[in-house]
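Presented below is the structure to which this report refers.
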Amino acid sequence: MKVAAGWSVLPGGEEAAQEAYRQVAQRLGGSPSFLLVHASPAYDTSAVIRELRSLAPDVPLHGGTTCTGVLTVDGYHSVDGRGLGILGFSDAGGSYGVCLEEVAGDVTVAVAAKAALDQALEAAGRPGELPTVVLLSSYPGEEEH
């Protein structure tokens with residue numbers, strides 16, 4: 001497994017995603033198998049995701065927000081509250097799946113988490129198996145649940 005980080009503080013979500021992704025791909029020496037993406041709220045999340053989908057259409061990505069910047073092996077990156085970071089994994093033997101579930105109405109955090117895990121395992125081609133790692137991002141106020 002190879003792991004590499006990329007980052008950007010460029011003002012546009014598309015440009016920032018491009019810059020950070022190019023760093024990751026260059027440092028990995030090729031396409032990643034999985035992307036972990038975090039961006040400050042100054043970015044248009046839809047634009048970031050849309051650009052990453054165009055750069056890496058078949059690569060699972062997991063993400064969340066960060067307060068004002070990102071910390072990578074290159075240091076802390078923030079300009080005017082902007083910072084976007086990507087951690088990329090190149091792992092030919094790994095299986096990665098992601099899912100997003102909304103907690104709303106009668107859907108509790110526990111029910112949504114179980115559904116997300118089941119769907120992520122299905123997406124990874126590993127339904128019913130015990131995962132080695134589970135990454136979970138939550139919105140403020142529900143982290144403990």
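A note on labels: chains of the structure tokens are A, B, ... as shown, every chain counts residues from 1, and ligands are counted from 1 in their shown order.
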Item to complete: From the DSSP assignment of the backbone, select every residue of chain A that is strand (DSSP E), and format the answer as a PyMOL selection string.
Response: chain A and resi 2-8+34-39+61-65+70-72+75-77+84-90
| message | Which residues are close to A:Ala5, i.e. within 8 Å by only C-alpha atoms, leaving aside same-chain residues fewer than 5 positions away? Reply as JSON, numbers by chain. | response | {"A": [20, 23, 24, 27, 72, 73, 85, 86, 87, 88]}
Env of stretch 129-131 of chain A: 10 Å cut, atoms = only C-alpha atoms, seq-sep filter 4 positions within chain, self excluded. Answer as a compact mmCIF listing (two decimals) with N, CA and C atoms, in the first residue's frame.
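Generated output (around_26.txt):
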# COMPACT_ATOMS: atom_id res chain seq x y z
N SER A 95 -9.97 -3.46 -0.80
CA SER A 95 -11.37 -3.30 -1.23
C SER A 95 -11.95 -2.13 -0.45
N TYR A 96 -12.51 -1.17 -1.20
CA TYR A 96 -13.01 0.05 -0.57
C TYR A 96 -14.44 0.30 -1.01
N LEU A 117 -22.98 1.06 6.59
CA LEU A 117 -21.94 0.03 6.64
C LEU A 117 -22.28 -1.13 5.70
N ASP A 118 -23.52 -1.57 5.74
CA ASP A 118 -23.94 -2.67 4.85
C ASP A 118 -23.76 -2.29 3.38
N ALA A 120 -21.77 0.08 2.15
CA ALA A 120 -20.35 0.26 1.84
C ALA A 120 -19.66 -1.09 1.63
N LEU A 121 -20.01 -2.08 2.43
CA LEU A 121 -19.44 -3.43 2.25
C LEU A 121 -19.88 -4.02 0.91
N GLU A 122 -21.11 -3.77 0.54
CA GLU A 122 -21.62 -4.23 -0.76
C GLU A 122 -20.84 -3.55 -1.89
N ALA A 124 -17.89 -2.41 -1.79
CA ALA A 124 -16.51 -2.90 -1.78
C ALA A 124 -16.41 -4.33 -2.30
N GLY A 125 -17.57 -4.94 -2.58
CA GLY A 125 -17.56 -6.34 -3.01
C GLY A 125 -17.31 -7.30 -1.87
* Spatial neighbours of A:Val3, max dist 7 Å, only C-alpha atoms, sep filter under 4 positions, as a ChimeraX atom specification -> /A:28,88-90
Hey, what's within 12 Å of A:Val9 if we count only C-alpha atoms and toss same-chain stuff fewer than 2 positions away? As a VMD selection string, please? chain A and resid 6 to 7 11 to 20 39 to 40 42 to 43 68 to 71 76 to 85
Excluding A:Ala110 and any residue of its chain fewer than 3 positions from it, enumerate the residues within 8 Å of it, using only C-alpha atoms, and give them as a PyMOL selection string.
chain A and resi 113-114+145
Output C-alpha atoms of each residue in that selection to a file, as an mmCIF file, in the first residue's frame.
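Heads up, here's the output in part04.cif:
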data_model
loop_
_atom_site.group_PDB
_atom_site.id
_atom_site.type_symbol
_atom_site.label_atom_id
_atom_site.label_comp_id
_atom_site.auth_asym_id
_atom_site.auth_seq_id
_atom_site.Cartn_x
_atom_site.Cartn_y
_atom_site.Cartn_z
ATOM 1 C CA ALA A 113 -24.873 3.774 10.469
ATOM 2 C CA LYS A 114 -25.791 0.102 10.019
ATOM 3 C CA HIS A 145 -24.091 8.662 18.883
#
- Find the distance between atom CA of A:Gln119 and atom CA of A:Gly97 and write it in Å to one decimal.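 So the two atoms, atom CA of A:Gln119 and atom CA of A:Gly97, lie 7.8 Å apart.
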Give the alpha helix (DSSP H) residues of chain A, as DSSP finds them on the backbone, and put them as a VMD selection string. chain A and resid 13 to 28 45 to 55 109 to 123
My list of candidates is A:Leu135, A:Ala92, A:Ala25, A:Val109. Which is closest to A:Met1 when distances are computed with only C-alpha atoms?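 Checking each candidate against A:Met1, we get A:Ala92 as the closest.
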Item to check | Within 9 Å of A:Gln26 using only C-alpha atoms, minus same-chain residues under 5 positions, as a PyMOL selection string | outcome: chain A and resi 4+21+31
Keeping only N, CA, C and O atoms, write those residues as a PDB file, in the first residue's frame.
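Output contents, as saved in out.pdb:
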ATOM      1  N   ALA A   4      -0.382   8.913  -0.025  1.00  0.00           N
ATOM      2  CA  ALA A   4       0.153  10.231  -0.349  1.00  0.00           C
ATOM      3  C   ALA A   4      -0.899  11.301  -0.097  1.00  0.00           C
ATOM      4  O   ALA A   4      -2.086  11.056  -0.246  1.00  0.00           O
ATOM      5  N   TYR A  21      -5.568  16.791  -6.154  1.00  0.00           N
ATOM      6  CA  TYR A  21      -5.594  15.456  -6.767  1.00  0.00           C
ATOM      7  C   TYR A  21      -4.315  15.203  -7.568  1.00  0.00           C
ATOM      8  O   TYR A  21      -3.748  14.103  -7.501  1.00  0.00           O
ATOM      9  N   SER A  31      -2.880   6.305 -10.362  1.00  0.00           N
ATOM     10  CA  SER A  31      -4.221   6.528  -9.824  1.00  0.00           C
ATOM     11  C   SER A  31      -4.382   5.916  -8.438  1.00  0.00           C
ATOM     12  O   SER A  31      -3.878   4.823  -8.175  1.00  0.00           O
TER      13      SER A  31
END
One decimal place gives the atom CA of A:Val98-atom CA of A:Gly75 separation as 27.7 Å
